Amino acid sequence: MAGQQHTVRVTINGEDYEGPVEARLLLSDFIRHEAGLTGTHVGCEHGVCGACTVLVDGAPVRSCLMFAVQADGASLETVEALADGRTLHPLQEAFRREHGLQCGYCTPGILMTLKPFLEANPAPSDAEIRKALSGNLCRCTGYQQIVAAVRRAAAMLRGEDP
C-alpha cells in the first residue's frame, strides 16, 4: 500500500538512526537522504556498478537493491566510517598514493567491497584482487592503479612497508 510507513531502526557508522519510511524506500536513499550520509553513491540503480556498496552486518551489500525496512535492526557501515578523523584508513591512503581513483564516483563502493575482502584475505594475489573487484565498475582508471592500491593497502594492513 503506497504511503504506508514503517519504523526503521539501524546503526550506521556507530550512530543510531530511527524513523518512519515507506516500504519501498531504498536503503541507498535512506542512507543519503534520511541519514544525510552522501558518500554512498548511486550509479546504475540495478546492482551492477557497485557504487552503492555498503556493509550490512559486515557483509558488502548493494544498497540500491535493498529496501530500508530490510535493514531494520542491522548495523551498517558506509565509506564515511573508514577514516578516523583526519587519519585515512589504509585503503584510502593506498588509493591516494597509487592514484587508484580519478573522478572518485565508484571509489566508495570499491572501498567498502575491499574492506571485508582484505580482512578475510590479507595477502591476496592480483587475480584474487581482480575477482574481488569484478562487481565494481570504474570507467576512469582501467583498474591497474586500483589493483596496485589494493596490494599496497594489504601490505599496510599487515604492518609492512609497501
# chains A, B, ... in the order shown; residues from 1 in each chain; ligands from 1
$ select_by_dssp --residues "chain A" --states "helix (DSSP H, G or I)" --output "JSON, numbers by chain"
{"A": [27, 28, 29, 30, 31, 32, 33, 34, 68, 69, 70, 71, 79, 80, 81, 90, 91, 92, 93, 94, 95, 96, 97, 107, 108, 109, 110, 111, 112, 113, 114, 115, 116, 117, 118, 119, 120, 126, 127, 128, 129, 130, 131, 132, 133, 144, 145, 146, 147, 148, 149, 150, 151, 152, 153, 154, 155, 156, 157]}
$ residues_around --residues "region 45-53 of chain A" --least-positions-apart "3" --cutoff "12 Å" --atoms "only C-alpha atoms" --output "JSON, numbers by chain"
{"A": [26, 27, 28, 29, 30, 31, 32, 37, 38, 39, 40, 41, 42, 56, 58, 59, 60, 61, 62, 63, 64, 65, 66, 76, 77, 78, 79, 104, 105, 106, 107, 108, 109, 110, 111, 112, 113, 114, 115, 116, 132, 133, 134, 135, 136, 137, 138, 139]}
$ write_last_selection --atoms "C-alpha atoms" --output "short mmCIF file (atom, residue, chain, number, x, y, z; two decimals), in the first residue's frame"
data_model
loop_
_atom_site.label_atom_id
_atom_site.label_comp_id
_atom_site.auth_asym_id
_atom_site.auth_seq_id
_atom_site.Cartn_x
_atom_site.Cartn_y
_atom_site.Cartn_z
CA LEU A 26 15.70 2.01 -0.95
CA LEU A 27 18.47 1.62 1.59
CA SER A 28 20.70 3.87 -0.55
CA ASP A 29 18.08 6.63 -0.38
CA PHE A 30 17.67 6.15 3.38
CA ILE A 31 21.42 6.47 3.88
CA ARG A 32 21.73 9.54 1.66
CA LEU A 37 25.49 10.44 4.54
CA THR A 38 26.25 11.24 0.92
CA GLY A 39 29.42 9.18 0.50
CA THR A 40 27.35 6.25 -0.75
CA HIS A 41 26.84 6.89 -4.45
CA VAL A 42 24.01 5.62 -6.63
CA VAL A 56 25.38 -4.57 6.36
CA GLY A 58 29.85 -6.72 7.98
CA ALA A 59 28.92 -8.01 4.53
CA PRO A 60 29.08 -5.94 1.33
CA VAL A 61 25.59 -5.22 0.01
CA ARG A 62 24.28 -3.21 -2.93
CA SER A 63 22.21 -0.61 -1.12
CA CYS A 64 20.24 0.18 -4.29
CA LEU A 65 18.85 -3.37 -4.26
CA MET A 66 17.79 -3.44 -0.63
CA LEU A 76 25.63 -0.56 8.60
CA GLU A 77 28.98 0.86 7.65
CA THR A 78 29.46 3.43 4.91
CA VAL A 79 32.59 4.95 3.44
CA GLY A 104 36.03 9.10 -7.46
CA TYR A 105 32.40 8.23 -8.11
CA CYS A 106 32.93 4.46 -7.89
CA THR A 107 35.54 4.67 -5.12
CA PRO A 108 33.25 4.48 -2.05
CA GLY A 109 31.68 1.26 -3.29
CA ILE A 110 35.06 -0.19 -4.19
CA LEU A 111 36.48 0.65 -0.78
CA MET A 112 33.51 -0.91 1.01
CA THR A 113 33.85 -4.03 -1.13
CA LEU A 114 37.56 -4.30 -0.41
CA LYS A 115 37.46 -3.73 3.35
CA PRO A 116 35.97 -7.14 4.24
CA ALA A 132 37.03 -9.19 -5.70
CA LEU A 133 36.72 -6.07 -7.87
CA SER A 134 34.71 -7.81 -10.58
CA GLY A 135 31.42 -6.47 -9.23
CA ASN A 136 32.58 -2.85 -9.22
CA LEU A 137 32.68 -0.83 -12.40
CA CYS A 138 35.12 2.04 -12.90
CA ARG A 139 35.07 3.94 -16.16
#
$ residues_around --residues "Val8 (chain A)" --least-positions-apart "2" --cutoff "10 Å" --atoms "only C-alpha atoms" --output "list of chain:residue names"
A:Gln5, A:His6, A:Val10, A:Tyr17, A:Glu18, A:Gly19, A:Pro20, A:Val21, A:Glu22, A:Ala23, A:Phe30, A:Ala68, A:Val69, A:Gln70, A:Ala71, A:Asp72, A:Gly73, A:Ala74
$ write_last_selection --atoms "N, CA and C atoms" --output "compact mmCIF listing (two decimals), in the first residue's frame"
# COMPACT_ATOMS: atom_id res chain seq x y z
N GLN A 5 3.74 3.71 6.29
CA GLN A 5 5.00 3.97 6.95
C GLN A 5 5.40 2.80 7.85
N HIS A 6 6.69 2.55 7.88
CA HIS A 6 7.27 1.53 8.75
C HIS A 6 8.42 2.18 9.50
N VAL A 10 18.29 1.50 12.64
CA VAL A 10 19.57 0.96 12.20
C VAL A 10 20.69 1.72 12.91
N TYR A 17 20.00 5.46 14.10
CA TYR A 17 19.04 6.19 13.30
C TYR A 17 17.70 5.48 13.42
N GLU A 18 16.66 6.25 13.57
CA GLU A 18 15.32 5.68 13.66
C GLU A 18 14.36 6.65 12.98
N GLY A 19 13.44 6.09 12.23
CA GLY A 19 12.44 6.96 11.61
C GLY A 19 11.47 6.19 10.77
N PRO A 20 10.36 6.83 10.46
CA PRO A 20 9.37 6.21 9.60
C PRO A 20 9.78 6.31 8.14
N VAL A 21 9.59 5.23 7.41
CA VAL A 21 9.89 5.22 5.98
C VAL A 21 8.79 4.45 5.24
N GLU A 22 8.65 4.76 3.98
CA GLU A 22 7.76 3.96 3.15
C GLU A 22 8.43 2.63 2.86
N ALA A 23 7.63 1.60 2.69
CA ALA A 23 8.16 0.26 2.47
C ALA A 23 9.05 0.19 1.23
N PHE A 30 17.73 5.93 1.93
CA PHE A 30 17.67 6.15 3.38
C PHE A 30 19.01 6.69 3.88
N ALA A 68 15.10 -0.13 2.80
CA ALA A 68 15.49 0.31 4.15
C ALA A 68 14.84 -0.57 5.22
N VAL A 69 13.60 -0.99 5.01
CA VAL A 69 12.92 -1.82 6.00
C VAL A 69 13.61 -3.18 6.17
N GLN A 70 14.31 -3.64 5.14
CA GLN A 70 15.04 -4.90 5.25
C GLN A 70 16.26 -4.77 6.15
N ALA A 71 16.73 -3.55 6.35
CA ALA A 71 17.90 -3.32 7.18
C ALA A 71 17.53 -3.04 8.63
N ASP A 72 16.25 -3.08 8.95
CA ASP A 72 15.81 -2.79 10.32
C ASP A 72 16.57 -3.68 11.31
N GLY A 73 17.18 -3.05 12.29
CA GLY A 73 17.92 -3.78 13.31
C GLY A 73 19.37 -4.08 12.94
N ALA A 74 19.78 -3.72 11.74
CA ALA A 74 21.14 -4.04 11.28
C ALA A 74 22.14 -2.96 11.65
$ residues_around --residues "His99 (chain A)" --least-positions-apart "4" --cutoff "12 Å" --atoms "only C-alpha atoms" --output "ChimeraX atom specification"
/A:91-95,103-104,107,140-150,152
$ select_by_dssp --residues "chain A" --states "strand (DSSP E)" --output "ChimeraX atom specification"
/A:5-12,15-22,53-56,59-62,75-77
$ atom_distance --atom1 "CA of Pro90 (chain A)" --atom2 "CA of Met156 (chain A)"
6.3 Å
$ atom_distance --atom1 "CA of Phe67 (chain A)" --atom2 "CA of Asp84 (chain A)"
28.6 Å
